[in-house]
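Asker: Below is one structure. I have some questions about it.
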Protein chains: 2
Amino acid sequence: MILIKIGGSLLYNSKTLLKKLKDFAINYNKKIVIVPGGGIFADVVREVDKNLRLSPSLSHKLAIKSMDFVGEIYSELGNIKSYSTLFDLKREIPNEKIGIILPSKILLSIDLAEHSWNITSDSLSLYIGKLLNVKDIIIATNVDGIYKNNNLLKEVNASEIDEWTSVDIAFPKLLKKFKMNAYIVNGKYPERVIDIINNKNTICTKVIGWQNISV
Amino acid sequence: MILIKIGGSLLYNSKTLLKKLKDFAINYNKKIVIVPGGGIFADVVREVDKNLRLSPSLSHKLAIKSMDFVGEIYSELGNIKSYSTLFDLKREIPNEKIGIILPSKILLSIDLAEHSWNITSDSLSLYIGKLLNVKDIIIATNVDGIYKNNNLLKEVNASEIDEWTSVDIAFPKLLKKFKMNAYIVNGKYPERVIDIINNKNTICTKVIGWQNISV
(Lines give C-alpha, C1' and ligand atoms only; values in the text may rest on other atoms or scores of the structure.)
Protein backbone atom coordinates (compact mmCIF):
# COMPACT_ATOMS: atom_id res chain seq x y z
CA MET A 1 0.00 0.00 0.00
CA ILE A 2 1.34 3.38 -1.05
CA LEU A 3 0.45 6.37 1.12
CA ILE A 4 0.50 9.80 -0.49
CA LYS A 5 -0.36 12.99 1.30
CA ILE A 6 -1.42 15.58 -1.23
CA GLY A 7 -1.09 19.03 0.30
CA GLY A 8 -3.93 21.49 0.14
CA SER A 9 -1.47 23.89 -1.52
CA LEU A 10 -1.91 21.74 -4.62
CA LEU A 11 -5.69 22.18 -4.71
CA TYR A 12 -5.68 24.14 -7.96
CA ASN A 13 -3.00 21.88 -9.45
CA SER A 14 -4.18 18.51 -8.25
CA LYS A 15 -6.43 17.25 -11.03
CA THR A 16 -3.67 15.87 -13.28
CA LEU A 17 -1.85 14.28 -10.35
CA LEU A 18 -5.03 12.61 -9.13
CA LYS A 19 -5.94 11.28 -12.55
CA LYS A 20 -2.41 10.00 -13.22
CA LEU A 21 -2.28 8.28 -9.86
CA LYS A 22 -5.62 6.63 -10.52
CA ASP A 23 -4.52 5.42 -13.97
CA PHE A 24 -1.24 4.20 -12.52
CA ALA A 25 -2.90 2.32 -9.66
CA ILE A 26 -5.35 0.61 -11.99
CA ASN A 27 -2.91 -0.14 -14.82
CA TYR A 28 -0.10 -1.41 -12.59
CA ASN A 29 -2.28 -3.01 -9.94
CA LYS A 30 -0.92 -0.86 -7.09
CA LYS A 31 -2.86 0.20 -4.02
CA ILE A 32 -2.69 3.95 -3.47
CA VAL A 33 -4.15 5.75 -0.46
CA ILE A 34 -4.36 9.53 -0.49
CA VAL A 35 -4.50 11.76 2.57
CA PRO A 36 -5.51 15.36 1.80
CA GLY A 37 -4.07 18.48 3.39
CA GLY A 38 -6.29 21.23 4.76
CA GLY A 39 -5.21 23.95 2.33
CA ILE A 40 -7.10 27.22 2.22
CA PHE A 41 -9.79 25.89 4.51
CA ALA A 42 -7.22 25.31 7.25
CA ASP A 43 -5.75 28.72 6.44
CA VAL A 44 -9.12 30.29 7.25
CA VAL A 45 -9.25 28.37 10.54
CA ARG A 46 -5.80 29.76 11.35
CA GLU A 47 -6.96 33.29 10.48
CA VAL A 48 -10.08 32.95 12.65
CA ASP A 49 -7.93 31.54 15.45
CA LYS A 50 -5.67 34.60 15.26
CA ASN A 51 -8.64 36.94 15.38
CA LEU A 52 -10.75 35.19 17.99
CA ARG A 53 -8.13 33.19 19.92
CA LEU A 54 -9.92 29.89 19.70
CA SER A 55 -8.97 27.08 22.03
CA PRO A 56 -6.16 24.90 20.62
CA SER A 57 -8.58 21.97 20.61
CA LEU A 58 -11.17 23.76 18.49
CA SER A 59 -8.52 24.96 16.04
CA HIS A 60 -7.18 21.41 15.85
CA LYS A 61 -10.66 19.99 15.25
CA LEU A 62 -11.56 22.49 12.54
CA ALA A 63 -8.16 22.13 10.85
CA ILE A 64 -8.72 18.36 10.70
CA LYS A 65 -12.21 18.88 9.32
CA SER A 66 -10.66 21.14 6.68
CA MET A 67 -8.77 18.08 5.43
CA ASP A 68 -12.17 16.44 4.77
CA PHE A 69 -13.16 19.42 2.61
CA VAL A 70 -10.05 19.09 0.47
CA GLY A 71 -10.51 15.31 0.39
CA GLU A 72 -14.07 15.70 -0.91
CA ILE A 73 -12.80 18.02 -3.62
CA TYR A 74 -9.93 15.68 -4.58
CA SER A 75 -12.46 12.87 -4.70
CA GLU A 76 -14.58 14.75 -7.21
CA LEU A 77 -11.67 16.08 -9.28
CA GLY A 78 -9.98 12.69 -9.58
CA ASN A 79 -13.14 10.61 -9.66
CA ILE A 80 -11.73 8.61 -6.75
CA LYS A 81 -13.85 7.20 -3.93
CA SER A 82 -13.43 8.69 -0.47
CA TYR A 83 -13.51 6.90 2.87
CA SER A 84 -14.06 8.16 6.37
CA THR A 85 -13.06 4.90 8.08
CA LEU A 86 -10.08 2.62 7.51
CA PHE A 87 -12.50 -0.29 7.69
CA ASP A 88 -14.28 0.85 4.54
CA LEU A 89 -11.01 1.83 2.87
CA LYS A 90 -9.43 -1.59 3.49
CA ARG A 91 -12.53 -3.39 2.35
CA GLU A 92 -12.72 -1.57 -0.96
CA ILE A 93 -9.12 -0.81 -1.88
CA PRO A 94 -8.40 -4.28 -3.34
CA ASN A 95 -11.06 -3.57 -5.98
CA GLU A 96 -10.81 0.20 -6.26
CA LYS A 97 -6.97 0.28 -6.22
CA ILE A 98 -7.04 3.92 -5.10
CA GLY A 99 -8.89 5.77 -2.35
CA ILE A 100 -8.98 9.11 -0.58
CA ILE A 101 -9.20 9.30 3.18
CA LEU A 102 -11.51 11.89 4.76
CA PRO A 103 -9.55 11.81 8.00
CA SER A 104 -11.67 13.68 10.55
CA LYS A 105 -13.65 10.72 11.82
CA ILE A 106 -10.51 8.61 12.23
CA LEU A 107 -8.31 11.31 13.76
CA LEU A 108 -10.93 12.73 16.13
CA SER A 109 -11.97 9.23 17.19
CA ILE A 110 -8.49 8.21 18.26
CA ASP A 111 -7.33 11.73 19.27
CA LEU A 112 -3.67 10.81 19.51
CA ALA A 113 -2.13 14.03 18.21
CA GLU A 114 -1.21 17.14 20.15
CA HIS A 115 -3.79 19.91 19.84
CA SER A 116 -1.59 22.64 18.42
CA TRP A 117 -0.53 24.23 15.18
CA ASN A 118 2.77 22.31 15.48
CA ILE A 119 0.72 19.47 14.11
CA THR A 120 -0.70 20.02 10.66
CA SER A 121 -1.82 17.63 7.97
CA ASP A 122 1.81 16.50 7.40
CA SER A 123 2.09 15.03 10.86
CA LEU A 124 -1.51 13.87 10.85
CA SER A 125 -0.82 11.87 7.70
CA LEU A 126 1.91 10.06 9.66
CA TYR A 127 -0.68 8.98 12.20
CA ILE A 128 -2.73 7.57 9.34
CA GLY A 129 0.43 5.88 8.02
CA LYS A 130 1.04 4.33 11.40
CA LEU A 131 -2.52 3.00 11.51
CA LEU A 132 -2.07 1.55 8.03
CA ASN A 133 1.30 0.12 9.03
CA VAL A 134 3.19 1.62 6.08
CA LYS A 135 6.90 2.32 6.20
CA ASP A 136 7.08 5.08 3.61
CA ILE A 137 5.01 8.14 2.95
CA ILE A 138 5.08 10.45 -0.03
CA ILE A 139 4.34 14.09 0.79
CA ALA A 140 3.28 15.83 -2.41
CA THR A 141 3.52 19.57 -1.99
CA ASN A 142 4.10 22.67 -4.12
CA VAL A 143 7.89 22.80 -3.77
CA ASP A 144 10.58 20.43 -5.05
CA GLY A 145 11.62 19.19 -1.62
CA ILE A 146 13.60 20.48 1.35
CA TYR A 147 16.26 23.10 0.80
CA LYS A 148 19.35 23.91 2.82
CA ASN A 149 21.28 27.05 1.87
CA ASN A 150 19.31 27.19 -1.37
CA ASN A 151 20.31 23.64 -2.29
CA LEU A 152 17.71 20.98 -2.69
CA LEU A 153 18.59 18.10 -0.37
CA LYS A 154 18.51 14.67 -1.93
CA GLU A 155 18.39 12.98 1.43
CA VAL A 156 18.31 14.20 5.00
CA ASN A 157 18.06 12.53 8.35
CA ALA A 158 14.97 13.58 10.29
CA SER A 159 17.21 14.41 13.27
CA GLU A 160 19.18 16.93 11.25
CA ILE A 161 16.25 19.08 10.30
CA ASP A 162 15.98 22.18 12.39
CA GLU A 163 14.46 24.65 9.99
CA TRP A 164 11.43 23.47 8.12
CA THR A 165 10.09 25.00 5.01
CA SER A 166 7.76 22.41 3.66
CA VAL A 167 6.59 20.21 6.53
CA ASP A 168 5.33 21.02 10.00
CA ILE A 169 7.28 21.24 13.27
CA ALA A 170 6.25 17.91 14.75
CA PHE A 171 6.89 15.94 11.57
CA PRO A 172 10.59 14.91 12.00
CA LYS A 173 10.09 13.60 15.54
CA LEU A 174 6.98 11.67 14.57
CA LEU A 175 8.71 10.22 11.55
CA LYS A 176 11.40 8.77 13.83
CA LYS A 177 8.91 7.69 16.48
CA PHE A 178 6.89 5.82 13.87
CA LYS A 179 10.06 4.49 12.16
CA MET A 180 9.00 5.81 8.78
CA ASN A 181 10.69 7.49 5.83
CA ALA A 182 9.18 10.32 3.85
CA TYR A 183 9.62 11.63 0.34
CA ILE A 184 8.91 15.33 -0.10
CA VAL A 185 8.08 15.91 -3.75
CA ASN A 186 6.54 18.54 -5.98
CA GLY A 187 3.05 17.33 -6.85
CA LYS A 188 2.86 19.63 -9.86
CA TYR A 189 5.07 17.01 -11.56
CA PRO A 190 3.08 13.76 -11.28
CA GLU A 191 5.89 11.80 -12.98
CA ARG A 192 8.14 12.50 -10.00
CA VAL A 193 5.57 11.05 -7.63
CA ILE A 194 5.26 7.99 -9.83
CA ASP A 195 9.07 7.71 -10.05
CA ILE A 196 9.20 7.49 -6.27
CA ILE A 197 6.60 4.72 -6.26
CA ASN A 198 8.71 2.90 -8.86
CA ASN A 199 11.89 3.38 -6.80
CA LYS A 200 13.36 5.48 -9.57
CA ASN A 201 15.70 8.39 -9.06
CA THR A 202 13.85 11.71 -9.23
CA ILE A 203 13.77 15.28 -7.94
CA CYS A 204 12.66 15.10 -4.30
CA THR A 205 13.99 14.97 -0.75
CA LYS A 206 14.03 11.71 1.16
CA VAL A 207 13.65 12.28 4.89
CA ILE A 208 15.01 9.35 6.83
CA GLY A 209 13.22 8.60 10.06
CA TRP A 210 14.42 5.06 10.26
CA GLN A 211 17.16 2.93 8.74
CA ASN A 212 17.37 -0.80 8.77
CA ILE A 213 21.08 -1.20 9.38
CA SER A 214 22.20 -4.77 8.92
CA VAL A 215 25.96 -5.22 9.09
CA MET B 1 -38.97 28.24 20.88
CA ILE B 2 -37.14 31.18 19.30
CA LEU B 3 -35.09 30.49 16.19
CA ILE B 4 -32.24 32.85 15.38
CA LYS B 5 -29.96 32.48 12.43
CA ILE B 6 -26.69 34.25 13.15
CA GLY B 7 -24.93 34.98 9.89
CA GLY B 8 -21.31 34.07 9.40
CA SER B 9 -20.72 37.73 8.54
CA LEU B 10 -21.04 38.38 12.27
CA LEU B 11 -18.27 35.93 13.20
CA TYR B 12 -15.95 38.63 14.52
CA ASN B 13 -18.85 40.48 16.17
CA SER B 14 -20.80 37.58 17.58
CA LYS B 15 -19.43 37.11 21.08
CA THR B 16 -21.52 39.82 22.77
CA LEU B 17 -24.67 38.75 20.94
CA LEU B 18 -24.15 35.11 21.93
CA LYS B 19 -23.51 35.93 25.56
CA LYS B 20 -26.49 38.30 25.79
CA LEU B 21 -28.77 35.72 24.19
CA LYS B 22 -27.58 33.09 26.64
CA ASP B 23 -28.15 35.38 29.63
CA PHE B 24 -31.55 36.36 28.28
CA ALA B 25 -32.63 32.77 27.69
CA ILE B 26 -31.58 31.70 31.18
CA ASN B 27 -32.86 34.77 33.04
CA TYR B 28 -36.23 34.94 31.26
CA ASN B 29 -36.72 31.21 30.81
CA LYS B 30 -36.89 31.39 27.01
CA LYS B 31 -35.80 28.66 24.63
CA ILE B 32 -33.42 29.98 21.99
CA VAL B 33 -32.09 27.92 19.10
CA ILE B 34 -29.28 29.32 16.98
CA VAL B 35 -28.52 28.32 13.39
CA PRO B 36 -25.08 29.50 12.18
CA GLY B 37 -24.28 30.86 8.73
CA GLY B 38 -21.32 29.60 6.75
CA GLY B 39 -19.40 32.89 6.68
CA ILE B 40 -15.83 32.94 5.41
CA PHE B 41 -15.70 29.15 5.23
CA ALA B 42 -18.57 29.14 2.75
CA ASP B 43 -16.87 32.03 0.95
CA VAL B 44 -13.83 29.81 0.39
CA VAL B 45 -16.07 27.03 -0.94
CA ARG B 46 -17.56 29.55 -3.38
CA GLU B 47 -14.07 30.66 -4.43
CA VAL B 48 -12.93 27.07 -4.98
CA ASP B 49 -16.13 26.39 -6.90
CA LYS B 50 -15.36 29.34 -9.19
CA ASN B 51 -11.84 28.11 -9.78
CA LEU B 52 -12.47 24.39 -10.12
CA ARG B 53 -16.14 24.30 -11.19
CA LEU B 54 -17.24 21.84 -8.57
CA SER B 55 -20.52 20.01 -8.98
CA PRO B 56 -23.46 21.94 -7.45
CA SER B 57 -23.96 19.04 -5.04
CA LEU B 58 -20.41 19.18 -3.71
CA SER B 59 -20.55 22.97 -3.32
CA HIS B 60 -23.87 22.59 -1.51
CA LYS B 61 -22.45 19.90 0.80
CA LEU B 62 -19.31 21.86 1.65
CA ALA B 63 -21.26 25.10 2.15
CA ILE B 64 -23.51 23.27 4.62
CA LYS B 65 -20.49 21.81 6.39
CA SER B 66 -19.13 25.36 6.62
CA MET B 67 -22.13 26.20 8.81
CA ASP B 68 -20.92 23.52 11.24
CA PHE B 69 -17.54 25.28 11.45
CA VAL B 70 -19.15 28.60 12.35
CA GLY B 71 -21.50 26.79 14.74
CA GLU B 72 -18.56 25.18 16.54
CA ILE B 73 -16.94 28.60 16.87
CA TYR B 74 -20.16 30.24 18.13
CA SER B 75 -20.47 27.39 20.60
CA GLU B 76 -17.04 28.11 22.04
CA LEU B 77 -17.37 31.91 21.96
CA GLY B 78 -20.77 31.91 23.65
CA ASN B 79 -20.17 28.89 25.88
CA ILE B 80 -23.34 27.38 24.42
CA LYS B 81 -23.81 23.67 23.72
CA SER B 82 -24.03 22.56 20.12
CA TYR B 83 -26.20 19.82 18.66
CA SER B 84 -25.99 17.91 15.41
CA THR B 85 -29.44 16.30 15.73
CA LEU B 86 -32.80 17.81 16.62
CA PHE B 87 -33.35 14.82 18.89
CA ASP B 88 -30.48 15.89 21.13
CA LEU B 89 -31.41 19.55 20.88
CA LYS B 90 -35.01 18.93 21.93
CA ARG B 91 -33.96 16.66 24.75
CA GLU B 92 -31.58 19.19 26.26
CA ILE B 93 -33.10 22.57 25.44
CA PRO B 94 -35.59 22.55 28.36
CA ASN B 95 -32.62 22.49 30.73
CA GLU B 96 -30.03 24.33 28.68
CA LYS B 97 -32.45 27.06 27.47
CA ILE B 98 -30.15 27.84 24.53
CA GLY B 99 -28.47 25.68 21.91
CA ILE B 100 -26.57 25.93 18.65
CA ILE B 101 -27.40 23.66 15.75
CA LEU B 102 -24.56 22.15 13.72
CA PRO B 103 -26.80 21.62 10.74
CA SER B 104 -24.88 19.39 8.33
CA LYS B 105 -26.06 16.05 9.67
CA ILE B 106 -29.69 17.19 9.67
CA LEU B 107 -29.65 18.93 6.30
CA LEU B 108 -27.66 16.27 4.45
CA SER B 109 -29.77 13.50 5.99
CA ILE B 110 -33.04 14.95 4.74
CA ASP B 111 -31.60 16.60 1.59
CA LEU B 112 -34.69 18.68 0.85
CA ALA B 113 -33.01 21.81 -0.48
CA GLU B 114 -32.00 22.56 -4.03
CA HIS B 115 -28.29 22.05 -4.66
CA SER B 116 -27.37 25.53 -5.83
CA TRP B 117 -25.98 28.81 -4.59
CA ASN B 118 -29.55 30.20 -4.67
CA ILE B 119 -29.82 28.39 -1.38
CA THR B 120 -27.52 29.62 1.34
CA SER B 121 -27.69 29.44 5.10
CA ASP B 122 -30.66 31.87 5.13
CA SER B 123 -32.88 29.45 3.26
CA LEU B 124 -31.38 26.46 5.02
CA SER B 125 -32.31 27.98 8.37
CA LEU B 126 -35.92 28.04 7.13
CA TYR B 127 -35.76 24.28 6.59
CA ILE B 128 -34.60 23.94 10.19
CA GLY B 129 -37.43 26.26 11.24
CA LYS B 130 -39.93 24.08 9.41
CA LEU B 131 -38.59 20.98 11.14
CA LEU B 132 -38.87 22.73 14.49
CA ASN B 133 -42.35 23.97 13.58
CA VAL B 134 -41.65 27.61 14.39
CA LYS B 135 -43.60 30.44 12.80
CA ASP B 136 -41.01 33.21 13.10
CA ILE B 137 -37.31 33.36 12.43
CA ILE B 138 -34.85 36.07 13.32
CA ILE B 139 -32.06 36.55 10.79
CA ALA B 140 -29.21 38.37 12.52
CA THR B 141 -26.84 39.80 9.94
CA ASN B 142 -24.42 42.70 9.58
CA VAL B 143 -26.88 45.21 8.12
CA ASP B 144 -29.92 46.91 9.69
CA GLY B 145 -32.46 45.15 7.50
CA ILE B 146 -33.68 45.31 3.91
CA TYR B 147 -33.41 48.57 2.02
CA LYS B 148 -35.40 49.87 -0.91
CA ASN B 149 -34.18 53.06 -2.59
CA ASN B 150 -31.87 53.61 0.36
CA ASN B 151 -34.75 53.44 2.84
CA LEU B 152 -34.82 50.77 5.49
CA LEU B 153 -38.09 48.89 5.14
CA LYS B 154 -40.00 48.35 8.35
CA GLU B 155 -42.09 45.63 6.82
CA VAL B 156 -42.23 43.99 3.42
CA ASN B 157 -44.24 41.18 1.94
CA ALA B 158 -42.07 38.30 0.75
CA SER B 159 -43.83 38.47 -2.63
CA GLU B 160 -42.70 42.06 -3.15
CA ILE B 161 -39.03 41.39 -2.84
CA ASP B 162 -37.25 41.21 -6.14
CA GLU B 163 -33.83 42.55 -5.30
CA TRP B 164 -32.15 41.04 -2.33
CA THR B 165 -29.30 42.53 -0.47
CA SER B 166 -29.23 40.62 2.74
CA VAL B 167 -30.89 37.26 2.18
CA ASP B 168 -30.52 34.65 -0.53
CA ILE B 169 -32.58 34.23 -3.71
CA ALA B 170 -34.70 31.28 -2.57
CA PHE B 171 -35.56 32.80 0.80
CA PRO B 172 -38.79 34.75 -0.03
CA LYS B 173 -40.45 31.81 -1.77
CA LEU B 174 -39.52 29.39 0.98
CA LEU B 175 -40.77 31.80 3.61
CA LYS B 176 -44.18 31.78 1.94
CA LYS B 177 -44.10 28.05 1.30
CA PHE B 178 -43.37 27.38 4.96
CA LYS B 179 -45.85 30.07 6.11
CA MET B 180 -43.24 31.83 8.19
CA ASN B 181 -42.30 35.42 8.95
CA ALA B 182 -38.74 36.65 9.25
CA TYR B 183 -37.08 39.54 11.02
CA ILE B 184 -33.88 40.78 9.40
CA VAL B 185 -31.86 42.56 12.07
CA ASN B 186 -28.35 43.83 12.68
CA GLY B 187 -26.71 41.40 15.07
CA LYS B 188 -24.09 43.94 16.07
CA TYR B 189 -26.84 45.44 18.24
CA PRO B 190 -27.94 42.55 20.48
CA GLU B 191 -30.63 44.73 22.10
CA ARG B 192 -32.46 44.85 18.76
CA VAL B 193 -32.52 41.07 18.58
CA ILE B 194 -33.84 40.91 22.13
CA ASP B 195 -36.43 43.61 21.34
CA ILE B 196 -37.77 41.41 18.55
CA ILE B 197 -38.05 38.45 20.93
CA ASN B 198 -39.94 40.72 23.34
CA ASN B 199 -42.27 41.94 20.56
CA LYS B 200 -40.92 45.45 21.01
CA ASN B 201 -40.54 47.97 18.23
CA THR B 202 -36.94 48.12 16.97
CA ILE B 203 -34.75 48.76 13.94
CA CYS B 204 -35.22 45.78 11.62
CA THR B 205 -37.22 44.60 8.60
CA LYS B 206 -40.09 42.21 9.05
CA VAL B 207 -40.54 39.98 6.00
CA ILE B 208 -44.05 38.64 5.84
CA GLY B 209 -44.39 35.18 4.36
CA TRP B 210 -47.71 34.46 5.93
CA GLN B 211 -50.55 36.43 7.50
CA ASN B 212 -53.35 35.02 9.58
CA ILE B 213 -56.19 37.14 8.25
CA SER B 214 -59.32 36.79 10.36
CA VAL B 215 -62.13 39.15 9.35
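In the C-alpha coordinates, the first chain shown is A, the next is B, and so on; residue numbers restart at 1 for each chain, and ligands run from 1 in the order shown.
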Should the cut-off be 12 Å, what would the residue list for chain A against chain B look like, counting only C-alpha atoms, as a PyMOL selection string?
Answerer: chain A and resi 8+11-15+39-79
Asker: Can you tell me which residues surround stretch 145-159 of chain A at a distance of at most 7 Å, considering only C-alpha atoms, apart from same-chain residues fewer than 5 positions away, and format the answer as a PDB file with N, CA, C and O atoms, in the first residue's frame?
Answerer:
```pdb
ATOM      1  N   THR A 165      10.783  24.152   5.966  1.00  0.00           N
ATOM      2  CA  THR A 165      10.094  25.001   5.008  1.00  0.00           C
ATOM      3  C   THR A 165       8.813  24.335   4.539  1.00  0.00           C
ATOM      4  O   THR A 165       7.815  24.993   4.354  1.00  0.00           O
ATOM      5  N   SER A 166       8.874  23.041   4.366  1.00  0.00           N
ATOM      6  CA  SER A 166       7.763  22.405   3.656  1.00  0.00           C
ATOM      7  C   SER A 166       7.007  21.354   4.462  1.00  0.00           C
ATOM      8  O   SER A 166       6.030  20.799   3.974  1.00  0.00           O
ATOM      9  N   PRO A 172       9.355  15.723  11.902  1.00  0.00           N
ATOM     10  CA  PRO A 172      10.587  14.912  12.001  1.00  0.00           C
ATOM     11  C   PRO A 172      10.580  13.950  13.190  1.00  0.00           C
ATOM     12  O   PRO A 172      10.937  12.781  13.051  1.00  0.00           O
ATOM     13  N   LYS A 176      10.491   9.686  13.114  1.00  0.00           N
ATOM     14  CA  LYS A 176      11.404   8.774  13.827  1.00  0.00           C
ATOM     15  C   LYS A 176      10.631   7.864  14.781  1.00  0.00           C
ATOM     16  O   LYS A 176      10.875   6.658  14.841  1.00  0.00           O
ATOM     17  N   ILE A 184       9.559  14.045   0.156  1.00  0.00           N
ATOM     18  CA  ILE A 184       8.908  15.329  -0.096  1.00  0.00           C
ATOM     19  C   ILE A 184       9.099  15.637  -1.583  1.00  0.00           C
ATOM     20  O   ILE A 184      10.233  15.704  -2.062  1.00  0.00           O
ATOM     21  N   VAL A 185       8.003  15.816  -2.284  1.00  0.00           N
ATOM     22  CA  VAL A 185       8.076  15.907  -3.746  1.00  0.00           C
ATOM     23  C   VAL A 185       7.075  16.949  -4.262  1.00  0.00           C
ATOM     24  O   VAL A 185       6.042  17.179  -3.634  1.00  0.00           O
ATOM     25  N   ASN A 186       7.426  17.550  -5.389  1.00  0.00           N
ATOM     26  CA  ASN A 186       6.543  18.543  -5.985  1.00  0.00           C
ATOM     27  C   ASN A 186       5.409  17.860  -6.771  1.00  0.00           C
ATOM     28  O   ASN A 186       5.644  17.248  -7.811  1.00  0.00           O
ATOM     29  N   CYS A 204      13.420  15.132  -5.549  1.00  0.00           N
ATOM     30  CA  CYS A 204      12.658  15.103  -4.296  1.00  0.00           C
ATOM     31  C   CYS A 204      13.646  15.068  -3.137  1.00  0.00           C
ATOM     32  O   CYS A 204      14.846  14.970  -3.357  1.00  0.00           O
ATOM     33  N   THR A 205      13.143  15.148  -1.933  1.00  0.00           N
ATOM     34  CA  THR A 205      13.994  14.967  -0.753  1.00  0.00           C
ATOM     35  C   THR A 205      13.493  13.770   0.036  1.00  0.00           C
ATOM     36  O   THR A 205      12.304  13.709   0.388  1.00  0.00           O
ATOM     37  N   LYS A 206      14.395  12.840   0.297  1.00  0.00           N
ATOM     38  CA  LYS A 206      14.035  11.713   1.156  1.00  0.00           C
ATOM     39  C   LYS A 206      14.381  12.075   2.601  1.00  0.00           C
ATOM     40  O   LYS A 206      15.528  12.449   2.888  1.00  0.00           O
ATOM     41  N   VAL A 207      13.400  12.008   3.465  1.00  0.00           N
ATOM     42  CA  VAL A 207      13.651  12.276   4.886  1.00  0.00           C
ATOM     43  C   VAL A 207      13.663  10.946   5.609  1.00  0.00           C
ATOM     44  O   VAL A 207      12.681  10.201   5.610  1.00  0.00           O
ATOM     45  N   ILE A 208      14.822  10.664   6.216  1.00  0.00           N
ATOM     46  CA  ILE A 208      15.006   9.354   6.831  1.00  0.00           C
ATOM     47  C   ILE A 208      14.649   9.407   8.309  1.00  0.00           C
ATOM     48  O   ILE A 208      15.278  10.120   9.093  1.00  0.00           O
ATOM     49  N   GLY A 209      13.624   8.683   8.667  1.00  0.00           N
ATOM     50  CA  GLY A 209      13.215   8.598  10.062  1.00  0.00           C
ATOM     51  C   GLY A 209      13.654   7.274  10.660  1.00  0.00           C
ATOM     52  O   GLY A 209      13.657   7.085  11.866  1.00  0.00           O
TER      53      GLY A 209
END
```
Asker: Mind checking which residues fall within 12 Å of B:Asn198, counting only C-alpha atoms, ignoring those fewer than 2 positions away in the same chain, and posting them as a list in words?
Answerer: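 Everything that qualifies: Ile2, Phe24, Ala25, Tyr28, Lys30, Glu191, Arg192, Val193, Ile194, Asp195, Ile196, Lys200, Asn201 and Thr202 of chain B.
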Asker: Using backbone DSSP assignments, extract all strand (DSSP E) residues from stretch 45-108 of chain B; output them as a VMD selection string.
Answerer: chain B and resid 82 to 83 98 to 101
Asker: List the spatial neighbours of stretch 106-109 of chain A as a list in words - criterion: any atom at most 10 Å away, only C-alpha atoms, same-chain residues fewer than 4 positions off excluded.
Answerer: His60, Lys61, Ile64, Lys65, Tyr83, Ser84, Thr85, Leu86, Ile101, Leu102, Ala113, Leu124, Ser125, Tyr127, Ile128 and Leu131 of chain A
Asker: Could you give me, as a PyMOL selection string, each residue of stretch 16-212 of chain A that DSSP assigns to alpha helix (DSSP H) when run on this structure's backbone?
Answerer: chain A and resi 16-27+39-52+56-78+86-96+104-110+121-132+171-177+190-197
